file query04.tsv (TSV, C-alpha atoms)
chain	number	residue	atom	x	y	z
A	1011	MET	CA	107.25	133.63	93.67
A	1012	ARG	CA	106.63	130.20	92.16
A	1013	ILE	CA	102.93	130.38	93.09
A	1014	LYS	CA	102.57	133.86	91.56
A	1015	LEU	CA	104.20	132.69	88.32
A	1016	MET	CA	101.89	129.67	88.13
A	1017	ASN	CA	98.85	131.86	88.72
A	1018	LYS	CA	99.96	134.22	85.95
A	1019	LEU	CA	100.42	131.34	83.51
A	1020	VAL	CA	97.05	129.88	84.42
A	1021	PHE	CA	95.38	133.26	83.86
A	1022	LEU	CA	97.04	133.54	80.44
A	1023	CYS	CA	95.84	130.06	79.46
A	1024	LEU	CA	92.31	130.71	80.62
A	1025	HIS	CA	92.34	134.01	78.74
A	1026	GLN	CA	93.16	132.12	75.55
A	1027	LEU	CA	90.38	129.63	76.21
A	1028	TRP	CA	87.74	132.31	76.95
A	1029	PRO	CA	88.74	135.49	75.14
A	1030	SER	CA	85.49	137.32	75.91
A	1031	PRO	CA	84.10	137.87	79.42
A	1032	GLU	CA	80.60	137.55	77.93
A	1033	CYS	CA	81.23	133.95	76.91
A	1034	SER	CA	80.63	131.18	79.46
A	1035	THR	CA	82.02	128.20	77.50
A	1036	PRO	CA	85.03	127.66	75.22
A	1037	GLU	CA	82.77	126.84	72.27
A	1038	CYS	CA	80.86	130.12	72.33
A	1039	SER	CA	83.94	132.12	71.25
A	1040	GLN	CA	83.74	130.48	67.82
A	1041	TRP	CA	80.07	130.83	66.93
A	1042	SER	CA	77.97	133.56	65.30
A	1043	THR	CA	74.27	133.97	66.03
A	1044	THR	CA	71.56	134.25	63.39
A	1045	THR	CA	68.11	135.52	64.33
A	1046	SER	CA	64.97	136.20	62.29
A	1047	GLN	CA	63.49	139.67	62.27
A	1048	PRO	CA	59.76	139.55	61.54
A	1049	SER	CA	59.64	143.30	60.70
A	1050	ASN	CA	61.23	142.91	57.28
A	1051	GLY	CA	60.84	139.17	56.81
A	1052	GLN	CA	64.57	138.73	56.25
A	1053	ALA	CA	67.08	137.00	58.40
A	1054	LYS	CA	69.81	139.19	59.78
A	1055	SER	CA	73.11	137.66	60.80
A	1056	LEU	CA	74.47	138.96	64.06
A	1057	THR	CA	78.14	138.17	64.39
A	1058	ARG	CA	80.38	139.04	67.32
A	1059	PRO	CA	82.88	141.76	66.48
A	1060	HIS	CA	86.28	140.53	65.43
A	1061	GLN	CA	88.87	140.85	68.17
A	1062	THR	CA	92.38	141.93	67.39
A	1063	THR	CA	95.11	139.48	68.23
A	1064	THR	CA	98.80	139.72	68.98
A	1065	SER	CA	101.56	137.21	68.40
A	1066	GLU	CA	100.91	135.76	71.85
A	1067	ASP	CA	97.25	135.19	70.97
A	1068	GLN	CA	97.98	132.78	68.14
A	1069	LEU	CA	97.78	129.76	70.43
A	1070	THR	CA	94.83	127.54	69.65
A	1071	SER	CA	92.49	126.20	72.33
A	1072	SER	CA	94.19	122.81	72.23
A	1073	ASP	CA	97.62	124.42	72.66
A	1074	SER	CA	96.31	126.39	75.63
A	1075	TYR	CA	94.86	123.26	77.18
A	1076	ILE	CA	98.18	121.43	76.78
A	1077	THR	CA	99.95	124.32	78.46
A	1078	TYR	CA	97.39	124.24	81.26
A	1079	THR	CA	97.87	120.52	81.87
A	1080	ASP	CA	101.65	120.92	81.81
A	1081	ILE	CA	101.41	123.46	84.60
A	1082	TYR	CA	99.37	121.17	86.81
A	1083	ALA	CA	101.11	117.94	85.86
A	1084	PRO	CA	102.09	115.94	88.98
A	1085	GLY	CA	105.70	116.48	89.92
A	1086	ILE	CA	108.03	113.48	90.15
A	1087	ILE	CA	110.32	113.60	93.17
A	1088	ASP	CA	113.60	111.71	93.08
A	1089	SER	CA	113.87	109.51	96.17
A	1090	SER	CA	117.65	109.91	96.14
A	1091	SER	CA	117.36	113.66	96.64
A	1092	SER	CA	119.05	114.82	99.82
A	1093	ASP	CA	116.46	117.44	100.63
A	1094	CYS	CA	113.42	115.19	100.73
A	1095	GLU	CA	110.51	117.04	102.19
A	1096	GLU	CA	107.84	115.45	104.33
A	1097	GLY	CA	105.04	117.51	102.89
A	1098	GLU	CA	105.86	116.43	99.31
A	1099	LYS	CA	106.69	112.75	99.76
A	1100	LEU	CA	104.27	111.16	102.16
A	1101	PRO	CA	100.97	112.21	100.56
A	1102	GLU	CA	101.97	111.02	97.08
A	1103	ASN	CA	101.24	107.33	97.62
A	1104	HIS	CA	97.91	105.59	97.68
A	1105	SER	CA	96.49	108.34	95.48
A	1106	ASP	CA	93.85	105.80	94.55
A	1107	GLY	CA	92.42	106.17	98.04
A	1108	LEU	CA	93.39	102.69	99.24
A	1109	THR	CA	92.60	102.14	102.92
A	1110	ALA	CA	93.12	99.34	105.40
A	1111	ALA	CA	89.41	98.56	105.07
A	1112	ASP	CA	89.90	97.99	101.34
A	1113	VAL	CA	92.77	95.57	101.93
A	1114	VAL	CA	90.87	93.69	104.65
A	1115	SER	CA	87.79	93.55	102.45
A	1116	ASN	CA	89.89	91.83	99.80
A	1117	LEU	CA	91.24	89.35	102.36
A	1118	SER	CA	87.73	88.60	103.58
A	1119	LEU	CA	86.80	87.27	100.12
A	1120	LYS	CA	88.35	83.99	101.28
A	1121	LEU	CA	85.75	83.58	104.03
A	1122	HIS	CA	83.00	80.99	103.58
A	1123	SER	CA	79.65	82.29	104.78
A	1124	ARG	CA	77.96	78.89	104.46
A	1125	SER	CA	80.25	77.24	107.01
A	1126	CYS	CA	80.82	78.30	110.59
A	1127	SER	CA	83.09	77.69	113.56
A	1128	ARG	CA	81.23	77.72	116.87
A	1129	PHE	CA	82.55	79.49	119.97
A	1130	ASN	CA	80.93	79.12	123.40
A	1131	ILE	CA	82.31	81.99	125.46
A	1132	ASN	CA	81.93	82.54	129.19
A	1133	ARG	CA	82.14	86.26	129.84
A	1134	ALA	CA	84.04	85.58	133.05
A	1135	ASN	CA	86.82	83.77	131.16
A	1136	VAL	CA	86.96	84.93	127.57
A	1137	TRP	CA	90.52	83.72	127.01
A	1138	ASP	CA	89.84	80.11	127.99
A	1139	GLY	CA	86.81	79.83	125.72
A	1140	ALA	CA	88.61	81.49	122.83
A	1141	LEU	CA	91.67	79.27	123.14
A	1142	ARG	CA	89.52	76.12	123.19
A	1143	GLY	CA	87.67	77.33	120.12
A	1144	PHE	CA	90.83	78.11	118.15
A	1145	LYS	CA	92.38	74.77	119.11
A	1146	GLN	CA	89.44	72.70	117.88
A	1147	SER	CA	90.44	70.17	115.25
A	1148	THR	CA	87.47	71.32	113.16
A	1149	TYR	CA	88.33	75.02	113.40
A	1150	ASP	CA	88.93	76.74	110.08
A	1151	PRO	CA	89.82	80.47	110.01
A	1152	THR	CA	87.99	80.85	106.68
A	1153	TYR	CA	84.69	79.82	108.28
A	1154	THR	CA	82.25	82.39	109.63
A	1155	MET	CA	82.38	82.67	113.42
A	1156	LEU	CA	79.23	81.81	115.39
A	1157	VAL	CA	79.52	83.05	118.98
A	1158	ARG	CA	77.28	82.26	121.94
A	1159	PHE	CA	77.90	83.93	125.30
A	1160	SER	CA	77.14	82.51	128.72
A	1161	ASP	CA	77.21	84.10	132.18
A	1162	ASP	CA	79.01	83.00	135.32
A	1163	VAL	CA	76.47	80.29	136.10
A	1164	GLY	CA	76.49	78.93	132.57
A	1165	GLN	CA	73.24	80.47	131.43
A	1166	ILE	CA	73.31	80.83	127.64
A	1167	GLU	CA	72.44	84.24	126.25
A	1168	GLU	CA	69.77	83.72	123.63
A	1169	ALA	CA	70.86	85.97	120.80
A	1170	LEU	CA	71.11	85.37	117.08
A	1171	ASP	CA	74.66	86.07	115.95
A	1172	THR	CA	74.34	88.26	112.87
A	1173	GLY	CA	77.69	89.89	113.52
A	1174	GLY	CA	77.20	91.77	116.78
A	1175	PRO	CA	78.18	88.96	119.20
A	1176	THR	CA	81.17	88.08	117.02
A	1177	ARG	CA	82.50	91.65	117.05
A	1178	GLU	CA	81.90	91.89	120.80
A	1179	PHE	CA	83.77	88.62	121.33
A	1180	LEU	CA	86.71	89.76	119.20
A	1181	THR	CA	86.86	93.06	121.06
A	1182	LEU	CA	86.89	91.30	124.44
A	1183	LEU	CA	89.48	88.84	123.15
A	1184	ILE	CA	91.88	91.55	121.97
A	1185	ASP	CA	91.55	93.39	125.29
A	1186	THR	CA	92.29	90.17	127.19
A	1187	MET	CA	95.18	89.32	124.89
A	1188	LYS	CA	97.08	92.49	125.78
A	1189	THR	CA	97.56	91.24	129.34
A	1190	ARG	CA	98.91	87.81	128.38
A	1191	ARG	CA	102.35	86.68	129.48
A	1192	ILE	CA	103.78	86.74	125.96
A	1193	PHE	CA	103.76	90.56	126.00
A	1194	GLU	CA	105.79	92.91	128.15
A	1195	GLY	CA	106.43	96.63	128.28
A	1196	LYS	CA	104.29	99.73	128.44
A	1197	ASP	CA	100.58	99.53	127.68
A	1198	ASN	CA	101.07	101.53	124.48
A	1199	ALA	CA	104.41	100.01	123.39
A	1200	LYS	CA	104.54	96.27	123.96
A	1201	TYR	CA	107.18	93.80	122.83
A	1202	LEU	CA	107.17	90.02	122.84
A	1203	SER	CA	108.60	88.60	126.04
A	1204	PHE	CA	110.44	85.33	126.50
A	1205	ASP	CA	108.31	82.75	128.29
A	1206	SER	CA	109.27	79.07	128.01
A	1207	LYS	CA	105.85	77.85	129.13
A	1208	ALA	CA	104.08	80.05	126.56
A	1209	LEU	CA	106.49	78.74	123.93
A	1210	GLU	CA	105.73	75.18	124.97
A	1211	ASP	CA	101.98	75.85	124.73
A	1212	ASP	CA	102.51	77.56	121.35
A	1213	GLU	CA	100.75	80.63	122.67
A	1214	TYR	CA	102.75	82.94	120.41
A	1215	PHE	CA	101.27	81.28	117.34
A	1216	HIS	CA	97.72	81.31	118.71
A	1217	VAL	CA	97.90	85.01	119.64
A	1218	GLY	CA	99.22	85.89	116.18
A	1219	ARG	CA	96.41	83.92	114.57
A	1220	MET	CA	93.81	85.56	116.82
A	1221	ILE	CA	94.97	89.01	115.71
A	1222	ALA	CA	94.78	88.03	112.03
A	1223	VAL	CA	91.34	86.45	112.42
A	1224	SER	CA	90.05	89.44	114.37
A	1225	MET	CA	91.09	91.91	111.70
A	1226	VAL	CA	89.79	89.90	108.74
A	1227	HIS	CA	86.52	88.95	110.45
A	1228	GLY	CA	85.64	92.55	111.29
A	1229	GLY	CA	87.14	92.90	114.76
A	1230	PRO	CA	89.74	95.35	116.10
A	1231	GLY	CA	93.51	95.20	115.97
A	1232	PRO	CA	95.68	95.12	119.12
A	1233	ARG	CA	96.82	98.77	118.93
A	1234	CYS	CA	99.39	98.12	121.64
A	1235	LEU	CA	102.56	97.00	119.84
A	1236	SER	CA	105.66	99.14	119.95
A	1237	PRO	CA	106.23	100.87	116.59
A	1238	ASN	CA	109.86	99.70	116.78
A	1239	PHE	CA	108.73	96.09	117.11
A	1240	PHE	CA	106.09	96.45	114.38
A	1241	LEU	CA	108.60	97.81	111.85
A	1242	TYR	CA	110.91	94.89	112.62
A	1243	LEU	CA	108.01	92.46	112.36
A	1244	VAL	CA	107.13	93.54	108.82
A	1245	GLY	CA	110.77	93.66	107.72
A	1246	LYS	CA	111.17	97.42	107.37
A	1247	VAL	CA	114.13	97.59	109.77
A	1248	LYS	CA	116.85	95.02	110.40
A	1249	ALA	CA	117.04	95.53	114.16
A	1250	ILE	CA	114.65	96.57	116.92
A	1251	GLU	CA	115.61	100.11	117.87
A	1252	ALA	CA	114.57	99.82	121.52
A	1253	THR	CA	115.89	101.84	124.45
A	1254	ILE	CA	116.91	100.92	127.98
A	1255	GLU	CA	113.60	102.31	129.24
A	1256	ASP	CA	111.76	99.75	127.10
A	1257	ILE	CA	113.24	96.87	129.10
A	1258	HIS	CA	110.61	95.51	131.45
A	1259	ASP	CA	112.94	93.73	133.88
A	1260	ASP	CA	113.79	96.21	136.66
A	1261	GLU	CA	117.16	94.68	137.56
A	1262	VAL	CA	118.37	94.50	133.97
A	1263	ARG	CA	117.19	98.04	133.26
A	1264	LYS	CA	118.94	99.36	136.37
A	1265	ALA	CA	122.20	97.56	135.51
A	1266	LEU	CA	122.27	98.92	131.95
A	1267	LEU	CA	121.52	102.43	133.19
A	1268	GLU	CA	124.48	102.22	135.57
A	1269	ILE	CA	126.77	101.12	132.75
A	1270	ASN	CA	125.44	103.71	130.31
A	1271	ASN	CA	125.64	106.65	132.73
A	1272	THR	CA	129.14	106.07	134.08
A	1273	THR	CA	131.76	108.68	133.19
A	1274	SER	CA	134.87	106.91	134.44
A	1275	LEU	CA	136.71	104.02	132.81
A	1276	THR	CA	137.62	102.58	136.20
A	1277	GLU	CA	133.99	102.67	137.27
A	1278	LEU	CA	132.93	101.13	133.94
A	1279	GLN	CA	135.29	98.21	134.47
A	1280	ARG	CA	133.98	97.72	138.00
A	1281	LEU	CA	130.35	97.70	136.77
A	1282	ALA	CA	131.22	95.24	133.99
A	1283	ASP	CA	132.63	92.85	136.59
A	1284	LYS	CA	129.64	93.43	138.86
A	1285	HIS	CA	127.15	92.53	136.12
A	1286	SER	CA	129.37	90.01	134.32
A	1287	SER	CA	126.90	87.15	134.80
A	1288	MET	CA	124.12	89.13	133.12
A	1289	LEU	CA	126.37	90.26	130.27
A	1290	GLN	CA	127.81	86.78	129.72
A	1291	THR	CA	124.32	85.34	129.36
A	1292	ALA	CA	123.77	87.68	126.43
A	1293	GLY	CA	127.25	87.04	125.04
A	1294	CYS	CA	128.30	90.69	125.23
A	1295	TYR	CA	130.71	90.69	128.16
A	1296	ARG	CA	134.10	92.17	127.32
A	1297	PHE	CA	137.04	93.84	128.99
A	1298	MET	CA	136.42	97.58	128.92
A	1299	THR	CA	139.35	99.47	127.39
A	1300	SER	CA	137.57	102.81	126.80
A	1301	LEU	CA	134.34	104.57	127.60
A	1302	ASP	CA	133.18	103.89	124.05
A	1303	ASP	CA	132.81	100.22	124.99
A	1304	LYS	CA	129.80	100.96	127.17
A	1305	LYS	CA	127.67	101.89	124.15
A	1306	ARG	CA	128.57	98.70	122.31
A	1307	VAL	CA	127.76	96.61	125.37
A	1308	LYS	CA	124.44	98.37	125.87
A	1309	ASP	CA	123.40	98.05	122.22
A	1310	ASP	CA	124.42	94.40	122.04
A	1311	TYR	CA	122.50	93.54	125.16
A	1312	ILE	CA	119.35	95.32	123.97
A	1313	GLN	CA	119.45	93.43	120.67
A	1314	TRP	CA	119.86	90.15	122.50
A	1315	TYR	CA	117.08	90.99	124.95
A	1316	PHE	CA	114.46	91.94	122.35
A	1317	THR	CA	115.53	89.99	119.26
A	1318	TYR	CA	117.93	87.08	119.60
A	1319	ARG	CA	116.52	85.40	122.69
A	1320	ASN	CA	113.00	85.81	121.26
A	1321	HIS	CA	113.83	84.59	117.76
A	1322	LEU	CA	111.67	81.45	117.95
A	1323	SER	CA	108.84	83.32	119.69
A	1324	ILE	CA	108.83	86.02	117.00
A	1325	GLN	CA	108.87	83.38	114.28
A	1326	ARG	CA	105.84	81.56	115.69
A	1327	PHE	CA	104.04	84.88	116.20
A	1328	LYS	CA	104.59	85.75	112.53
A	1329	GLU	CA	103.37	82.33	111.45
A	1330	GLY	CA	100.17	82.99	113.36
A	1331	LEU	CA	99.82	86.41	111.72
A	1332	ALA	CA	100.16	84.71	108.33
A	1333	THR	CA	96.67	83.25	108.80
A	1334	LEU	CA	94.34	84.41	106.01
A	1335	ASP	CA	97.38	86.03	104.35
A	1336	PHE	CA	97.24	88.85	106.88
A	1337	LEU	CA	101.02	89.03	107.42
A	1338	ASN	CA	101.53	89.58	103.70
A	1339	ALA	CA	99.05	92.46	103.85
A	1340	LEU	CA	101.02	93.97	106.75
A	1341	GLU	CA	104.26	93.70	104.80
A	1342	GLN	CA	102.73	95.18	101.63
A	1343	HIS	CA	100.83	98.03	103.37
A	1344	PRO	CA	102.52	98.69	106.72
A	1345	ALA	CA	101.54	102.37	106.80
A	1346	LEU	CA	97.85	101.53	106.47
A	1347	PHE	CA	97.87	98.96	109.28
A	1348	MET	CA	100.24	100.66	111.69
A	1349	PRO	CA	97.43	102.57	113.48
A	1350	PHE	CA	95.59	99.27	114.04
A	1351	MET	CA	98.63	97.41	115.35
A	1352	CYS	CA	100.38	100.19	117.30
A	1353	TYR	CA	99.33	102.90	119.68
A	1354	SER	CA	98.28	105.68	117.32
A	1355	GLU	CA	99.92	108.68	119.00
A	1356	ASN	CA	103.36	107.14	118.64
A	1357	CYS	CA	103.27	105.67	115.16
A	1358	VAL	CA	103.06	108.77	112.92
A	1359	MET	CA	106.28	110.42	114.05
A	1360	LEU	CA	108.33	107.21	113.95
A	1361	TRP	CA	106.97	106.22	110.55
A	1362	ARG	CA	107.90	109.57	109.03
A	1363	ALA	CA	111.37	109.41	110.56
A	1364	CYS	CA	112.00	105.95	109.09
A	1365	PHE	CA	110.54	106.47	105.62
A	1366	MET	CA	110.78	110.19	104.81
A	1367	CYS	CA	113.85	109.61	102.65
A	1368	SER	CA	113.27	105.99	101.63
A	1369	SER	CA	112.57	104.82	98.09
A	1370	VAL	CA	109.15	103.58	99.17
A	1371	HIS	CA	106.87	106.58	99.59
A	1372	LEU	CA	103.97	105.75	101.85
A	1373	VAL	CA	101.10	107.73	103.22
A	1374	ALA	CA	101.49	108.85	106.81
A	1375	PRO	CA	99.04	106.77	108.81
A	1376	CYS	CA	95.98	108.27	110.40
A	1377	VAL	CA	93.42	106.80	112.73
A	1378	ARG	CA	90.52	105.37	110.82
A	1379	ARG	CA	87.58	103.40	112.06
A	1380	ARG	CA	87.03	100.47	109.81
A	1381	PRO	CA	83.40	100.19	108.64
A	1382	GLU	CA	81.43	97.20	109.85
A	1383	HIS	CA	80.79	94.48	107.31
call {"tool": "encode", "arguments": {"input": "query04.tsv", "output": "structure tokens"}}
result
Amino acid sequence: MRIKLMNKLVFLCLHQLWPSPECSTPECSQWSTTTSQPSNGQAKSLTRPHQTTTSEDQLTSSDSYITYTDIYAPGIIDSSSSDCEEGEKLPENHSDGLTAADVVSNLSLKLHSRSCSRFNINRANVWDGALRGFKQSTYDPTYTMLVRFSDDVGQIEEALDTGGPTREFLTLLIDTMKTRRIFEGKDNAKYLSFDSKALEDDEYFHVGRMIAVSMVHGGPGPRCLSPNFFLYLVGKVKAIEATIEDIHDDEVRKALLEINNTTSLTELQRLADKHSSMLQTAGCYRFMTSLDDKKRVKDDYIQWYFTYRNHLSIQRFKEGLATLDFLNALEQHPALFMPFMCYSENCVMLWRACFMCSSVHLVAPCVRRRPEH
């Protein structure tokens, strides 16, 4: 009904603008045509016949145009409305067509094309060569990367790096990075793990910096992080909303499943005693007085497992991501970068669920291939 009414109003406005079907422009309804007739040597004025008007026809062209623009004026949706609709809210933002490529292009203005950081990469051990390159005392993330590949026997590949070798190196590096010890979980939903040796080697920082450098220098993003972890990383949620199935440790996952699935208070108390050492490590052991306690124990343990025990690791990872101001870009435009940081098939549904009714209206992410610089 609303669409029909709008169409009727539009037709009325257009009728006021072009009163005659013979006229193709608004201006032609106002003019009269004068032509010369050579037969009598006098000019004859040919004027369009006067059209009768009603009270509704007294609107001027400017009034009609104002009415027309009022009809198609963009609607303002109150974010506090209880019936927020996905189809109305998500597409409203970034109407200027801002993309992740635009944001990265702005970040890349800090790069110095006249200086370069050299990387000698053995294809058989990309990680080792990359880590040595990033740890160089002369390395500067704002410098252009100059990459030279070598084979297993150390034979240098003679190729001028005009961008192709660098992008290939960054692609190989990101693929290798996904298998590092600092990550755990499913291939398409990884979280940071706790590894004391990696923390000692500051690997969390280096991996974060590698991701930032890859994105700003024209390489790919990881596209493997869990959407839950990504939203926590950029500060959009206060806690990681993980599930028992996300826990990588088989023994811990099995113990929590036993506690969560029990239907008897006596059995719950027995399981709490059985796994007391595990629960005490996380600081969530308690005497079970009702079946409701099992949910609190499960939730507390999950938060400790993914957040509290990894606090320092997450902090160093974020400090690495802050290279070239990339972390700030993630925090300012999380919807644009989510497809590059997370597995794309999972991120759209979770993003809409988290932000459909929030005060910040963001565009639902879609998979885009960033153009090569």
call {"tool": "closest_residue", "arguments": {"input": "query04.tsv", "among": "A:Val1157, A:Leu1243, A:Val1114, A:Leu1235", "to": "His1321 of chain A", "atoms": "only C-alpha atoms"}}
result
A:Leu1243
call {"tool": "atom_distance", "arguments": {"input": "query04.tsv", "atom1": "atom CA of Thr1253 of chain A", "atom2": "atom CA of Asp1302 of chain A"}}
result
17.4 Å
call {"tool": "residues_around", "arguments": {"input": "query04.tsv", "residues": "Leu1209 of chain A", "least_positions_apart": "5", "cutoff": "12 Å", "atoms": "all atoms listed in the file", "output": "VMD selection string"}}
result
chain A and resid 1191 to 1192 1202 to 1204 1214 to 1217 1320 to 1327
call {"tool": "atom_distance", "arguments": {"input": "query04.tsv", "atom1": "atom CA of Arg1219 of chain A", "atom2": "atom CA of Thr1333 of chain A"}}
result
5.8 Å
call {"tool": "closest_residue", "arguments": {"input": "query04.tsv", "among": "A:Ala1199, A:Ile1250, A:Val1307, A:Ala1332", "to": "Tyr1353 of chain A", "atoms": "all atoms listed in the file"}}
result
A:Ala1199
call {"tool": "atom_distance", "arguments": {"input": "query04.tsv", "atom1": "atom CA of Tyr1311 of chain A", "atom2": "atom CA of Lys1207 of chain A"}}
result
23.2 Å
call {"tool": "closest_residue", "arguments": {"input": "query04.tsv", "among": "A:Trp1314, A:Phe1350, A:Trp1137, A:Tyr1242", "to": "Gln1290 of chain A", "atoms": "all atoms listed in the file"}}
result
A:Trp1314
call {"tool": "closest_residue", "arguments": {"input": "query04.tsv", "among": "A:Leu1334, A:Met1348, A:Ala1265, A:Ala1208", "to": "Lys1120 of chain A", "atoms": "only C-alpha atoms"}}
result
A:Leu1334
call {"tool": "closest_residue", "arguments": {"input": "query04.tsv", "among": "A:Gly1195, A:Pro1344, A:Gly1229, A:Gly1218", "to": "Gly1330 of chain A", "atoms": "only C-alpha atoms"}}
result
A:Gly1218
call {"tool": "closest_residue", "arguments": {"input": "query04.tsv", "among": "A:Arg1296, A:His1122, A:Gly1143, A:Phe1336", "to": "Val1244 of chain A", "atoms": "only C-alpha atoms"}}
result
A:Phe1336
